[in-house]
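Chemist: I'm passing along query_12.cif; it holds mmCIF, C-alpha atoms.
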data_protein
#
loop_
_atom_site.label_atom_id
_atom_site.label_comp_id
_atom_site.auth_asym_id
_atom_site.auth_seq_id
_atom_site.Cartn_x
_atom_site.Cartn_y
_atom_site.Cartn_z
CA MET A 348 56.78 160.00 108.82
CA SER A 349 53.20 160.95 108.03
CA THR A 350 50.54 160.40 110.62
CA THR A 351 47.10 158.87 110.50
CA THR A 352 44.45 160.60 112.56
CA ALA A 353 41.26 159.03 111.25
CA PRO A 354 40.29 155.68 109.78
CA THR A 355 40.19 155.84 105.99
CA ALA A 356 40.05 152.16 105.13
CA PRO A 357 37.43 151.46 102.48
CA ALA A 358 34.61 149.51 104.07
CA LEU A 359 32.21 147.04 102.52
CA THR A 360 28.94 146.02 104.11
CA ASP A 361 28.49 142.90 101.98
CA PRO A 362 31.03 141.90 99.31
CA ASP A 363 29.40 140.96 96.02
CA HIS A 364 32.00 138.32 95.25
CA PRO A 365 33.71 136.88 98.35
CA ALA A 366 34.94 133.87 96.37
CA GLY A 367 38.70 134.07 96.07
CA ARG A 368 39.04 136.72 98.78
CA ARG A 369 41.37 135.94 101.67
CA VAL A 370 39.77 136.79 105.01
CA LEU A 371 41.46 137.14 108.41
CA THR A 372 39.34 137.05 111.53
CA GLY A 373 39.51 135.64 115.05
CA ASP A 374 38.96 136.06 118.78
CA ARG A 375 40.85 136.31 122.03
CA PRO A 376 40.33 133.19 124.17
CA THR A 377 39.22 134.96 127.34
CA GLY A 378 36.03 133.02 128.03
CA PRO A 379 32.97 131.49 126.40
CA LEU A 380 31.53 132.94 123.21
CA HIS A 381 27.94 134.11 123.47
CA LEU A 382 24.98 135.00 121.30
CA GLY A 383 26.43 138.43 120.58
CA HIS A 384 29.45 136.76 118.97
CA TYR A 385 27.22 134.32 117.14
CA PHE A 386 24.94 136.88 115.50
CA GLY A 387 27.69 139.49 115.15
CA THR A 388 30.52 137.45 113.63
CA LEU A 389 30.29 133.65 113.68
CA ARG A 390 27.37 133.34 111.26
CA ASN A 391 29.05 135.79 108.90
CA ARG A 392 32.26 133.74 108.86
CA VAL A 393 30.35 130.62 107.93
CA ARG A 394 28.52 132.52 105.18
CA LEU A 395 31.79 133.84 103.74
CA GLN A 396 33.32 130.38 103.76
CA ARG A 397 30.30 128.88 102.00
CA GLN A 398 30.53 131.60 99.36
CA GLY A 399 34.12 130.68 98.57
CA ALA A 400 36.25 132.99 100.70
CA GLU A 401 39.51 131.58 102.11
CA LEU A 402 39.37 132.00 105.88
CA PHE A 403 42.25 132.36 108.33
CA VAL A 404 40.89 132.29 111.87
CA VAL A 405 43.30 133.20 114.66
CA VAL A 406 42.88 132.11 118.26
CA ALA A 407 44.67 135.18 119.61
CA ASP A 408 46.17 133.64 122.72
CA TYR A 409 49.13 136.04 122.92
CA GLN A 410 46.73 139.00 122.89
CA VAL A 411 44.96 137.78 126.04
CA ILE A 412 47.65 139.45 128.15
CA THR A 413 47.25 142.88 126.58
CA ASP A 414 44.85 143.96 129.34
CA ARG A 415 45.34 141.39 132.10
CA ASP A 416 48.25 140.15 134.17
CA ILE A 417 47.84 136.41 133.53
CA ALA A 418 46.27 134.25 130.85
CA ASP A 419 43.84 132.27 132.99
CA ARG A 420 42.79 128.80 131.69
CA LEU A 421 44.24 129.69 128.31
CA ALA A 422 44.38 126.20 126.78
CA GLU A 423 40.82 125.42 127.87
CA HIS A 424 39.43 128.69 126.53
CA SER A 425 41.34 128.25 123.26
CA GLU A 426 39.91 124.78 122.69
CA ASN A 427 36.42 126.02 123.56
CA LEU A 428 36.74 128.72 120.90
CA VAL A 429 37.49 126.06 118.31
CA ILE A 430 34.53 123.99 119.50
CA ASP A 431 32.25 126.99 119.00
CA TYR A 432 33.74 127.67 115.55
CA LEU A 433 33.09 124.12 114.38
CA ALA A 434 29.68 123.82 116.04
CA THR A 435 28.43 126.93 114.24
CA GLY A 436 29.59 125.63 110.87
CA LEU A 437 33.22 126.48 110.11
CA ASP A 438 34.89 123.69 108.12
CA PRO A 439 38.45 123.06 109.37
CA ALA A 440 39.27 121.27 106.13
CA SER A 441 39.30 124.62 104.35
CA ALA A 442 39.43 127.26 107.10
CA THR A 443 42.88 127.67 108.64
CA ILE A 444 42.24 127.77 112.40
CA PHE A 445 45.41 128.40 114.42
CA ALA A 446 46.80 129.95 117.60
CA HIS A 447 49.18 132.92 117.75
CA SER A 448 51.63 131.04 119.90
CA ALA A 449 51.96 128.25 117.32
CA VAL A 450 53.13 130.52 114.46
CA PRO A 451 56.52 132.10 115.32
CA ALA A 452 57.02 133.82 111.95
CA LEU A 453 53.76 135.74 112.32
CA ASN A 454 54.91 137.18 115.63
CA GLN A 455 58.37 137.94 114.28
CA LEU A 456 56.78 140.28 111.72
CA LEU A 457 55.89 142.50 114.66
CA LEU A 458 59.51 143.73 114.88
CA PRO A 459 59.90 145.30 111.42
CA PHE A 460 56.30 146.47 111.51
CA LEU A 461 56.89 148.42 114.73
CA SER A 462 59.56 150.45 112.94
CA LEU A 463 56.92 151.73 110.54
CA VAL A 464 54.67 153.47 113.08
CA SER A 465 55.38 156.13 115.68
CA VAL A 466 54.65 156.10 119.39
CA ALA A 467 52.46 159.18 118.87
CA GLU A 468 50.36 157.36 116.27
CA LEU A 469 49.79 154.41 118.55
CA GLY A 470 48.92 156.70 121.45
CA ARG A 471 46.29 158.48 119.37
CA ASN A 472 44.59 155.24 118.28
CA PRO A 473 41.04 155.58 119.69
CA THR A 474 40.61 151.85 120.17
CA VAL A 475 43.84 151.64 122.18
CA LYS A 476 42.76 154.59 124.32
CA ASP A 477 39.41 152.95 125.02
CA GLU A 478 41.02 149.62 125.86
CA ILE A 479 43.47 151.32 128.21
CA ALA A 480 40.59 153.09 129.94
CA HIS A 481 38.87 149.74 130.55
CA SER A 482 42.02 147.77 131.28
CA ARG A 483 42.10 145.37 134.22
CA GLN A 484 45.75 146.22 134.88
CA SER A 485 46.96 148.85 137.35
CA THR A 486 49.57 149.94 134.78
CA VAL A 487 49.50 149.81 130.99
CA SER A 488 51.84 147.27 129.43
CA GLY A 489 53.88 147.87 126.30
CA LEU A 490 51.89 145.11 124.67
CA MET A 491 48.76 147.24 124.90
CA PHE A 492 50.38 149.95 122.77
CA THR A 493 51.68 147.45 120.24
CA TYR A 494 48.34 145.63 120.06
CA PRO A 495 47.30 147.30 116.76
CA VAL A 496 50.64 146.43 115.16
CA HIS A 497 50.31 142.83 116.31
CA GLN A 498 46.89 142.79 114.68
CA ALA A 499 48.54 144.19 111.54
CA ALA A 500 50.86 141.17 111.61
CA ASP A 501 47.81 138.89 111.94
CA ILE A 502 46.28 140.44 108.84
CA LEU A 503 49.37 140.86 106.69
CA PHE A 504 51.17 137.58 107.36
CA CYS A 505 48.58 135.81 105.19
CA LYS A 506 48.10 138.84 102.91
CA ALA A 507 44.41 139.05 103.77
CA ASP A 508 42.51 141.49 101.61
CA LEU A 509 39.26 141.45 103.58
CA VAL A 510 38.86 141.80 107.34
CA PRO A 511 35.44 141.60 109.08
CA VAL A 512 35.36 144.31 111.75
CA GLY A 513 32.99 146.43 113.75
CA GLN A 514 32.97 150.19 113.39
CA ASP A 515 35.11 150.53 116.53
CA GLN A 516 37.83 148.32 115.01
CA LEU A 517 38.38 150.47 111.91
CA PRO A 518 41.35 152.32 113.50
CA HIS A 519 43.12 149.00 114.02
CA LEU A 520 42.60 148.04 110.40
CA GLU A 521 43.92 151.44 109.33
CA VAL A 522 47.15 150.64 111.17
CA ALA A 523 47.47 147.47 109.07
CA ARG A 524 46.85 149.45 105.90
CA THR A 525 49.44 152.02 106.96
CA VAL A 526 52.01 149.35 107.75
CA ALA A 527 51.43 147.67 104.38
CA ARG A 528 51.78 150.93 102.47
CA ARG A 529 54.87 152.11 104.34
CA PHE A 530 56.65 148.77 104.04
CA ASN A 531 56.00 148.62 100.31
CA GLU A 532 57.18 152.22 99.87
CA ARG A 533 60.24 151.99 102.12
CA TYR A 534 61.60 148.75 100.70
CA GLY A 535 60.37 149.08 97.14
CA ALA A 536 58.49 145.81 97.32
CA GLY A 537 54.83 145.26 96.56
CA ILE A 538 54.57 142.47 99.10
CA PHE A 539 51.50 143.47 101.02
CA PRO A 540 47.97 144.30 99.84
CA ARG A 541 46.03 147.03 101.64
CA PRO A 542 43.15 145.14 103.25
CA GLN A 543 39.57 146.32 103.15
CA ALA A 544 37.13 146.34 106.04
CA LEU A 545 34.01 144.22 105.88
CA LEU A 546 31.52 145.88 108.20
CA SER A 547 28.97 143.52 109.66
CA ASP A 548 25.38 144.31 108.76
CA ALA A 549 24.21 142.42 111.84
CA PRO A 550 22.60 144.66 114.47
CA LEU A 551 24.39 145.09 117.78
CA LEU A 552 22.85 142.55 120.12
CA PRO A 553 22.20 144.03 123.58
CA GLY A 554 22.66 141.94 126.70
CA THR A 555 19.87 140.84 129.00
CA ASP A 556 20.17 144.14 130.88
CA GLY A 557 19.79 146.27 127.75
CA GLY A 558 23.48 147.20 127.67
CA LYS A 559 26.20 145.85 125.39
CA MET A 560 26.31 142.06 125.58
CA SER A 561 29.61 141.12 127.19
CA LYS A 562 30.91 138.05 128.97
CA SER A 563 32.54 140.32 131.57
CA ARG A 564 29.28 142.10 132.40
CA GLY A 565 27.26 138.99 133.23
CA ASN A 566 24.53 139.88 130.72
CA ALA A 567 25.35 137.37 128.00
CA ILE A 568 23.92 133.99 127.03
CA PRO A 569 26.86 131.67 126.23
CA LEU A 570 26.60 129.31 123.29
CA ALA A 571 27.62 126.57 125.70
CA ALA A 572 24.69 127.27 128.04
CA GLY A 573 22.06 124.53 128.36
CA GLU A 574 18.35 125.10 127.89
CA ASP A 575 17.70 125.41 131.64
CA GLU A 576 20.51 127.92 132.07
CA THR A 577 19.20 129.90 129.12
CA ALA A 578 15.75 130.00 130.73
CA ARG A 579 17.29 131.22 134.00
CA LEU A 580 19.30 133.95 132.27
CA VAL A 581 16.29 135.18 130.32
CA ARG A 582 14.07 135.14 133.43
CA ALA A 583 16.63 137.34 135.20
CA ALA A 584 16.60 139.90 132.38
CA LYS A 585 15.54 143.44 133.24
CA THR A 586 12.16 144.47 131.87
CA ASP A 587 9.47 146.79 133.28
CA ALA A 588 5.96 146.73 134.71
CA GLU A 589 4.15 147.85 131.54
CA ARG A 590 2.03 144.97 130.30
CA ARG A 591 1.81 145.94 126.65
CA ILE A 592 4.97 144.76 124.89
CA THR A 593 6.39 147.32 122.45
CA HIS A 594 9.76 147.75 120.78
CA ASP A 595 11.17 150.97 122.22
CA PRO A 596 14.99 150.73 122.56
CA ALA A 597 15.33 154.18 124.12
CA GLY A 598 12.41 154.03 126.54
CA ARG A 599 12.35 150.29 127.29
CA PRO A 600 15.89 148.96 126.72
CA GLY A 601 15.41 145.70 128.61
CA VAL A 602 12.25 144.78 126.72
CA ALA A 603 13.82 145.86 123.42
CA ALA A 604 16.89 143.71 124.07
CA LEU A 605 14.76 140.60 124.58
CA LEU A 606 12.64 141.38 121.54
CA GLN A 607 15.72 141.75 119.37
CA LEU A 608 17.19 138.50 120.66
CA GLY A 609 13.99 136.56 120.05
CA ALA A 610 13.48 138.16 116.64
CA LEU A 611 17.00 137.25 115.48
CA CYS A 612 16.45 133.65 116.49
CA GLN A 613 13.18 133.53 114.53
CA ASP A 614 14.39 135.61 111.56
CA ARG A 615 11.71 138.23 112.21
CA THR A 616 11.64 141.88 113.23
CA PRO A 617 11.35 142.96 116.88
CA GLU A 618 8.15 144.80 115.98
CA GLN A 619 6.58 141.62 114.63
CA LEU A 620 7.46 139.73 117.78
CA ALA A 621 6.15 142.52 119.99
CA GLY A 622 2.86 142.54 118.09
CA GLU A 623 2.47 138.81 118.58
CA ILE A 624 3.04 139.02 122.35
CA GLY A 625 0.81 142.06 122.72
CA ASP A 626 -0.58 142.37 126.25
CA GLY A 627 1.08 139.18 127.47
CA GLY A 628 3.52 141.15 129.59
CA ALA A 629 7.07 140.35 130.64
CA ALA A 630 6.28 136.73 131.50
CA ALA A 631 5.04 135.97 127.98
CA LEU A 632 7.95 137.89 126.47
CA LYS A 633 10.52 135.91 128.43
CA ARG A 634 8.81 132.61 127.71
CA THR A 635 8.71 133.37 123.98
CA VAL A 636 12.35 134.46 123.87
CA THR A 637 13.52 131.43 125.84
CA GLU A 638 11.76 129.09 123.43
CA ALA A 639 13.14 130.98 120.41
CA VAL A 640 16.74 130.88 121.66
CA ASN A 641 16.62 127.23 122.66
CA GLU A 642 15.01 126.19 119.39
CA HIS A 643 17.54 128.13 117.31
CA LEU A 644 20.58 126.87 119.22
CA ARG A 645 19.45 123.26 119.66
CA PRO A 646 21.37 121.82 116.66
CA ILE A 647 24.43 123.94 117.46
CA ARG A 648 24.42 122.79 121.07
CA SER A 649 24.03 119.16 120.02
CA ARG A 650 27.02 119.46 117.70
CA ARG A 651 28.94 121.33 120.38
CA ALA A 652 28.42 118.51 122.89
CA GLU A 653 29.77 115.98 120.39
CA LEU A 654 32.85 118.10 119.71
CA ALA A 655 33.52 118.79 123.38
CA ALA A 656 33.62 115.05 124.04
CA ASP A 657 36.61 114.64 121.70
CA ARG A 658 39.28 117.12 122.76
CA GLY A 659 41.85 115.16 120.77
CA HIS A 660 40.06 116.13 117.56
CA ILE A 661 40.00 119.81 118.59
CA ARG A 662 43.75 119.76 119.27
CA GLN A 663 44.33 118.13 115.90
CA VAL A 664 42.34 120.90 114.22
CA LEU A 665 44.67 123.43 115.86
CA ARG A 666 47.77 121.45 114.85
CA ASP A 667 46.59 121.17 111.25
CA GLY A 668 45.76 124.86 111.15
CA ALA A 669 49.12 125.77 112.65
CA GLU A 670 50.91 123.71 110.00
CA ARG A 671 49.15 125.58 107.21
CA ALA A 672 49.57 128.97 108.89
CA ASN A 673 53.28 128.36 109.50
CA ALA A 674 53.86 127.59 105.84
CA VAL A 675 52.21 130.88 104.86
CA ALA A 676 53.92 132.90 107.61
CA ASP A 677 57.37 131.48 106.85
CA ALA A 678 57.00 132.40 103.17
CA THR A 679 55.88 135.95 104.01
CA LEU A 680 58.70 136.44 106.51
CA ALA A 681 61.20 135.26 103.90
CA GLU A 682 59.87 137.89 101.49
CA VAL A 683 60.14 140.57 104.18
CA ARG A 684 63.72 139.59 105.07
CA ALA A 685 64.73 139.58 101.40
CA ALA A 686 63.18 143.01 100.81
CA MET A 687 64.98 144.41 103.86
CA GLY A 688 68.28 142.74 102.96
CA ALA A 689 68.27 141.03 106.34
CA VAL A 690 70.93 138.49 107.25
CA GLY A 691 68.22 135.89 107.74
CA SER A 692 67.44 136.03 104.02
CA VAL A 693 70.94 134.95 103.01
#
Could the structure of this file be written out as structure tokens, please?
Modeler:
Amino acid sequence: MSTTTAPTAPALTDPDHPAGRRVLTGDRPTGPLHLGHYFGTLRNRVRLQRQGAELFVVVADYQVITDRDIADRLAEHSENLVIDYLATGLDPASATIFAHSAVPALNQLLLPFLSLVSVAELGRNPTVKDEIAHSRQSTVSGLMFTYPVHQAADILFCKADLVPVGQDQLPHLEVARTVARRFNERYGAGIFPRPQALLSDAPLLPGTDGGKMSKSRGNAIPLAAGEDETARLVRAAKTDAERRITHDPAGRPGVAALLQLGALCQDRTPEQLAGEIGDGGAAALKRTVTEAVNEHLRPIRSRRAELAADRGHIRQVLRDGAERANAVADATLAEVRAAMGAVGSV
């Protein structure tokens, strides 16, 4: 069996014609989504849908336990993900929004797919190694090693040909491409396409401390946060004593992080925002950013509050999505069984 040591998946930064493309994307329900998710992925999903792409959005509840011992508040977090999806503009009438645990055939694909990759290949996967290094568990579970193959099942069950990813997720996508190629070659069936990566052109949004925005690091502004909480989080952001506001990510990471956040919310550049604030100092910077964030998120938060008040509707969205996803997954699994000559295909 040949090995894959580097990601070779062709990557697009902005597809010219997303109409007709099938896109797989999603999130693990481990806590509230924040502005980093919004600017990094959520807006892009809505744009792709509006341009005619067919979206499959997985609430990856089974993958929560890859790096933790229990799935804490799983149902609540899963529903909150869907609320954020809909509040930011995804249309559940056309986007298939579903949970891992509701689609048995998708997860069953993991078994034949695991036979197509070696333990050595999984161990060399740089994303797996990084996730193991930052794992919350005292020991590494088998699920952590099979995580990339489970993601391959996510992508290939619906025969997605476009997958939005960050640069650090390219090795995972390469596993999916490898699985697709090896299955087609081994069983003489052209069942699976080899998906392409869609690299986000959105800049990485730093947290309020200048580091990577992360819900686990306490430096993120959740989409569910109210205006007062947003003001408190921005006030607590790390800046410096220099009064003149300039955009200097290396020398002034805290100031640069706030400038980038405010600029994204106003569709401007950080340099333009810095020039406007000038000698106003950290107080003026934080006041400007707070107003920019709250103004930008006001309609999203209003819609989110409406959705959160009707949990029955959110559960129905998941049921409808699961019904559509199951139909697709069952058909794909039937093709796989037939190609393999499995008893289940008889």
Chemist: Calculated over only C-alpha atoms, which of the candidates A:Ala418, A:Ala442, A:Ala578, A:Leu371 has the smallest distance to Val664 (chain A)?
Modeler: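 Of the candidates, the smallest distance to Val664 (chain A) is held by A:Ala442.
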Chemist: Leaving out Gly557 (chain A) and any residue of its chain fewer than 2 positions from it, which residues lie within 7 Å of it when counting all atoms listed in the file, given as a list in words?
Modeler: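 These residues fall inside the cut-off: Pro553, Gly554, Thr555, Lys559, Pro600, Gly601 and Ala604 of chain A.
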Chemist: Could you tell me which of A:Glu468, A:Val487, A:Ala480, A:Asp438 comes closest to Arg394 (chain A) if we count only C-alpha atoms?
Modeler: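 Nearest to Arg394 (chain A): A:Asp438.
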Chemist: Hey, which of A:Leu546, A:Val640, A:Ile502, A:Ala446 ends up closest to Thr679 (chain A)? Count all atoms listed in the file.
Modeler: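 Using all atoms listed in the file, the shortest distance to Thr679 (chain A) belongs to A:Ile502.
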Chemist: Set the distance at 9 Å and use all atoms listed in the file: which residues neighbour Gln398 (chain A) once local chain neighbours fewer than 4 positions away are removed? I'd like the list as a list in words.
Modeler: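 Here the answer would be His364, Pro365, Ala366, Val393 and Arg394 of chain A.
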Chemist: What lies within 10 Å of Glu638 (chain A) using only C-alpha atoms, ignoring chain neighbours under 2 positions off, as a PyMOL selection string?
Modeler: chain A and resi 574+577-578+609+612+633-636+640-643
Chemist: Have a look at CA of Ser425 (chain A) and CA of Pro376 (chain A) and let me know their distance in Å, one decimal.
Modeler: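 Computing it gives 5.1 Å between the two atoms.
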Chemist: Which of these, A:Thr388, A:Pro439, A:Arg368, A:Arg375, has the shortest distance to Arg662 (chain A) once you count all atoms listed in the file?
Modeler: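 Nearest candidate to Arg662 (chain A) out of A:Thr388, A:Pro439, A:Arg368, A:Arg375: A:Pro439.
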Chemist: For Arg658 (chain A), which residue out of A:Arg390, A:Leu380, A:Glu521, A:Asn427 is the nearest one, using all atoms listed in the file?
Modeler: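 When distances to Arg658 (chain A) are compared using all atoms listed in the file, the smallest one comes from A:Asn427.
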Chemist: How many Å separate CA of Ala407 (chain A) from CA of Glu532 (chain A)?
Modeler: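 Separation of CA of Ala407 (chain A) and CA of Glu532 (chain A): 28.9 Å.
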Chemist: For CA of Leu606 (chain A) and CA of Pro646 (chain A), determine how far apart the two atoms are, in Å to one decimal place.
Modeler: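 Going from CA of Leu606 (chain A) over to CA of Pro646 (chain A) covers 22.0 Å.
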Chemist: Here is a test: counting only C-alpha atoms, which residue of A:Tyr534, A:Phe504, A:Tyr494, A:Phe445 is nearest to Arg666 (chain A)?
Modeler: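 Nearest to Arg666 (chain A): A:Phe445.
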Chemist: List, as a tab-separated table (two decimals) with C-alpha atoms, in the frame of the given file, every residue that the PyMOL selection byres ((chain A and resi 401) around 8) selects in the file provided.
Modeler:
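out.tsv written:
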chain	number	residue	atom	x	y	z
A	366	ALA	CA	34.94	133.87	96.37
A	367	GLY	CA	38.70	134.07	96.07
A	368	ARG	CA	39.04	136.72	98.78
A	369	ARG	CA	41.37	135.94	101.67
A	370	VAL	CA	39.77	136.79	105.01
A	396	GLN	CA	33.32	130.38	103.76
A	399	GLY	CA	34.12	130.68	98.57
A	400	ALA	CA	36.25	132.99	100.70
A	402	LEU	CA	39.37	132.00	105.88
A	403	PHE	CA	42.25	132.36	108.33
A	441	SER	CA	39.30	124.62	104.35
A	442	ALA	CA	39.43	127.26	107.10
Chemist: So what does the PyMOL selection byres ((chain A and resi 572) around 12) actually pick up in this one, as a ChimeraX atom specification?
Modeler: /A:379-382,431,567-571,573-581,640-641,644-645,647-649,651-652
Chemist: If the PyMOL selection byres ((chain A and resi 621) around 9) were run on this exact file, what residues would it hold? Put them as an mmCIF file with C-alpha atoms, keeping the file's coordinate frame.
Modeler:
data_model
loop_
_atom_site.group_PDB
_atom_site.id
_atom_site.type_symbol
_atom_site.label_atom_id
_atom_site.label_comp_id
_atom_site.auth_asym_id
_atom_site.auth_seq_id
_atom_site.Cartn_x
_atom_site.Cartn_y
_atom_site.Cartn_z
ATOM 1 C CA ARG A 591 1.810 145.940 126.650
ATOM 2 C CA ILE A 592 4.970 144.760 124.890
ATOM 3 C CA THR A 593 6.390 147.320 122.450
ATOM 4 C CA HIS A 594 9.760 147.750 120.780
ATOM 5 C CA LEU A 606 12.640 141.380 121.540
ATOM 6 C CA THR A 616 11.640 141.880 113.230
ATOM 7 C CA PRO A 617 11.350 142.960 116.880
ATOM 8 C CA GLU A 618 8.150 144.800 115.980
ATOM 9 C CA GLN A 619 6.580 141.620 114.630
ATOM 10 C CA LEU A 620 7.460 139.730 117.780
ATOM 11 C CA GLY A 622 2.860 142.540 118.090
ATOM 12 C CA GLU A 623 2.470 138.810 118.580
ATOM 13 C CA ILE A 624 3.040 139.020 122.350
ATOM 14 C CA GLY A 625 0.810 142.060 122.720
ATOM 15 C CA LEU A 632 7.950 137.890 126.470
#
Chemist: Tell me which residues come within 7 Å of (42.9, 130.5, 112.5), as a short mmCIF file (atom, residue, chain, number, x, y, z; two decimals) with C-alpha atoms, keeping the file's coordinate frame, counting all atoms listed in the file in the file's coordinates.
Modeler:
data_model
loop_
_atom_site.label_atom_id
_atom_site.label_comp_id
_atom_site.auth_asym_id
_atom_site.auth_seq_id
_atom_site.Cartn_x
_atom_site.Cartn_y
_atom_site.Cartn_z
CA GLY A 373 39.51 135.64 115.05
CA PHE A 403 42.25 132.36 108.33
CA VAL A 404 40.89 132.29 111.87
CA VAL A 405 43.30 133.20 114.66
CA VAL A 406 42.88 132.11 118.26
CA THR A 443 42.88 127.67 108.64
CA ILE A 444 42.24 127.77 112.40
CA PHE A 445 45.41 128.40 114.42
CA ALA A 446 46.80 129.95 117.60
CA GLY A 668 45.76 124.86 111.15
#
Chemist: Which centre and edge lengths in Å to one decimal define the box along x, y and z that fits every listed atom of region 372-391 of chain A plus 3 Å per side, as JSON?
Modeler:
{"center_x": 32.9, "center_y": 135.5, "center_z": 118.5, "size_x": 21.9, "size_y": 14.0, "size_z": 25.1}
